Each structure stands twice: as C-alpha cells, then as structure tokens.
Amino acid sequence: MPSKPLPPITMEAVYAAPGYLFRRMQQIAVSIFMEECQAFDLTPVQYAALIAIHTHPGIDATRLSAVIAFDRSTLGSVIERLQAKDFVERKPAPEDKRIKLLYLTKQGAAILREIIPAVERAQARMLEPLKPTERKALMGLMAQLVDLNNEASRVPLRAEDALERLGKAG
C-alpha cells in the first residue's frame, strides 16, 4: 500500500497549524496583559496566583499549582517574587511546619482590587477584533478544547481535587 505523500514543507503550513496559532495568540495575550497592567508590575501567572490565594487563603504551593495549572517547580519563583513585592506571605501549617501556607498581605489584596479593571480591559482587547457572536463561539470552542485536552497538558488543571483536599486539611 503506498504511503500518503507528506505535505509540503512551507512557512504557510506552519502559520496555519493550530499549535502555531495557539502559541502566537498566547504571545499576543501576554503582550496585551502586560501593556494594560504595566503599572502593577504583575505577570498573568502572578495575577492568577493572587486570585487563587485570595479565593483560597491558606492554600499551599502544591495545591496552588493544581488550581492554576502551572508547573510546581516554576511556581516557587512566582511565589518568591510575590513575596518580595510584599503581596503574599507564607506561614507554616499548624499540623506540619514544613508546609508553608499562602496568604495575601494587605498590599496584595489592595493590588488585586486595583488591577482588576486593567485585566478586564486586557481581556476585552484580546477579543475586540471579533464580532460578539464570534467572541462567544471562540470562547466556547477554546473552553471545550482545553477541557477535552486537559490530560495532554504537562500540568493538567486539577482544581477540584486540590481544593477538595484543601477543604479536608483545613
């Protein structure tokens, strides 16, 4: 049986590939976020971490990693930066002093309140070129793809599992 011919090797083929388009959109999304939020000196991952810590005070880094679907080893430096900015504090867990629990500081809570309008502007700008119906369709399809491909990620989203354990521990 003859093998299927390979597609031509062209940049056009690269530019049309889903992976390339997702990577480019991620670059664009981060760029827009950084533009809108430059006064706050926060990255999108730092923002997500602050939201998760705000929502789940006393969360540990392992569960935080699962909640925001971010690599645990890299998350340590994110937490260190947030701590250096005095947005987050670490306190030992009562049952195991080796585990550090994360809490927002007053400055962390204040920056979170202040940055939200800028984050909302960034999110709107990302979709602004599309018509409202296209935005809704794109968001639905992206959510579906992320959900259906969750297990293919190096860091699958495990928020429900992590928070269930957090609830039992706390």
# chains A, B, ... in the order shown; residues from 1 in each chain; ligands from 1

call {"tool": "select_by_dssp", "arguments": {"residues": "chain A", "states": "alpha helix (DSSP H)", "output": "MDAnalysis selection string"}}
result
chainID A and resid 11:15 18:36 44:55 61:68 72:84 106:127 132:148 159:169

call {"tool": "closest_atom_pairs", "arguments": {"of": "segment 76-142 of chain A", "to": "segment 48-71 of chain A", "cutoff": "7 Å", "atoms": "only C-alpha atoms", "output": "JSON lines"}}
result
{"residue": "A:Lys100", "atom": "CA", "partner": "A:Asp60", "partner_atom": "CA", "distance": 6.0}
{"residue": "A:Leu101", "atom": "CA", "partner": "A:Asp60", "partner_atom": "CA", "distance": 4.6}
{"residue": "A:Leu102", "atom": "CA", "partner": "A:Gly58", "partner_atom": "CA", "distance": 4.9}
{"residue": "A:Tyr103", "atom": "CA", "partner": "A:Pro57", "partner_atom": "CA", "distance": 5.2}
{"residue": "A:Leu104", "atom": "CA", "partner": "A:His54", "partner_atom": "CA", "distance": 6.3}

call {"tool": "closest_residue", "arguments": {"among": "A:Val146, A:Met126, A:Leu6, A:Val88", "to": "Gly108 of chain A", "atoms": "only C-alpha atoms"}}
result
A:Val88

call {"tool": "closest_residue", "arguments": {"among": "A:Arg113, A:Arg23, A:Arg81, A:Lys131", "to": "Val45 of chain A", "atoms": "only C-alpha atoms"}}
result
A:Arg81

call {"tool": "atom_distance", "arguments": {"atom1": "atom CA of Thr43 of chain A", "atom2": "atom CA of Asn149 of chain A"}}
result
24.6 Å

call {"tool": "atom_distance", "arguments": {"atom1": "atom CA of Glu89 of chain A", "atom2": "atom CA of Val30 of chain A"}}
result
25.9 Å

call {"tool": "atom_distance", "arguments": {"atom1": "atom CA of Arg72 of chain A", "atom2": "atom CA of Glu151 of chain A"}}
result
16.4 Å
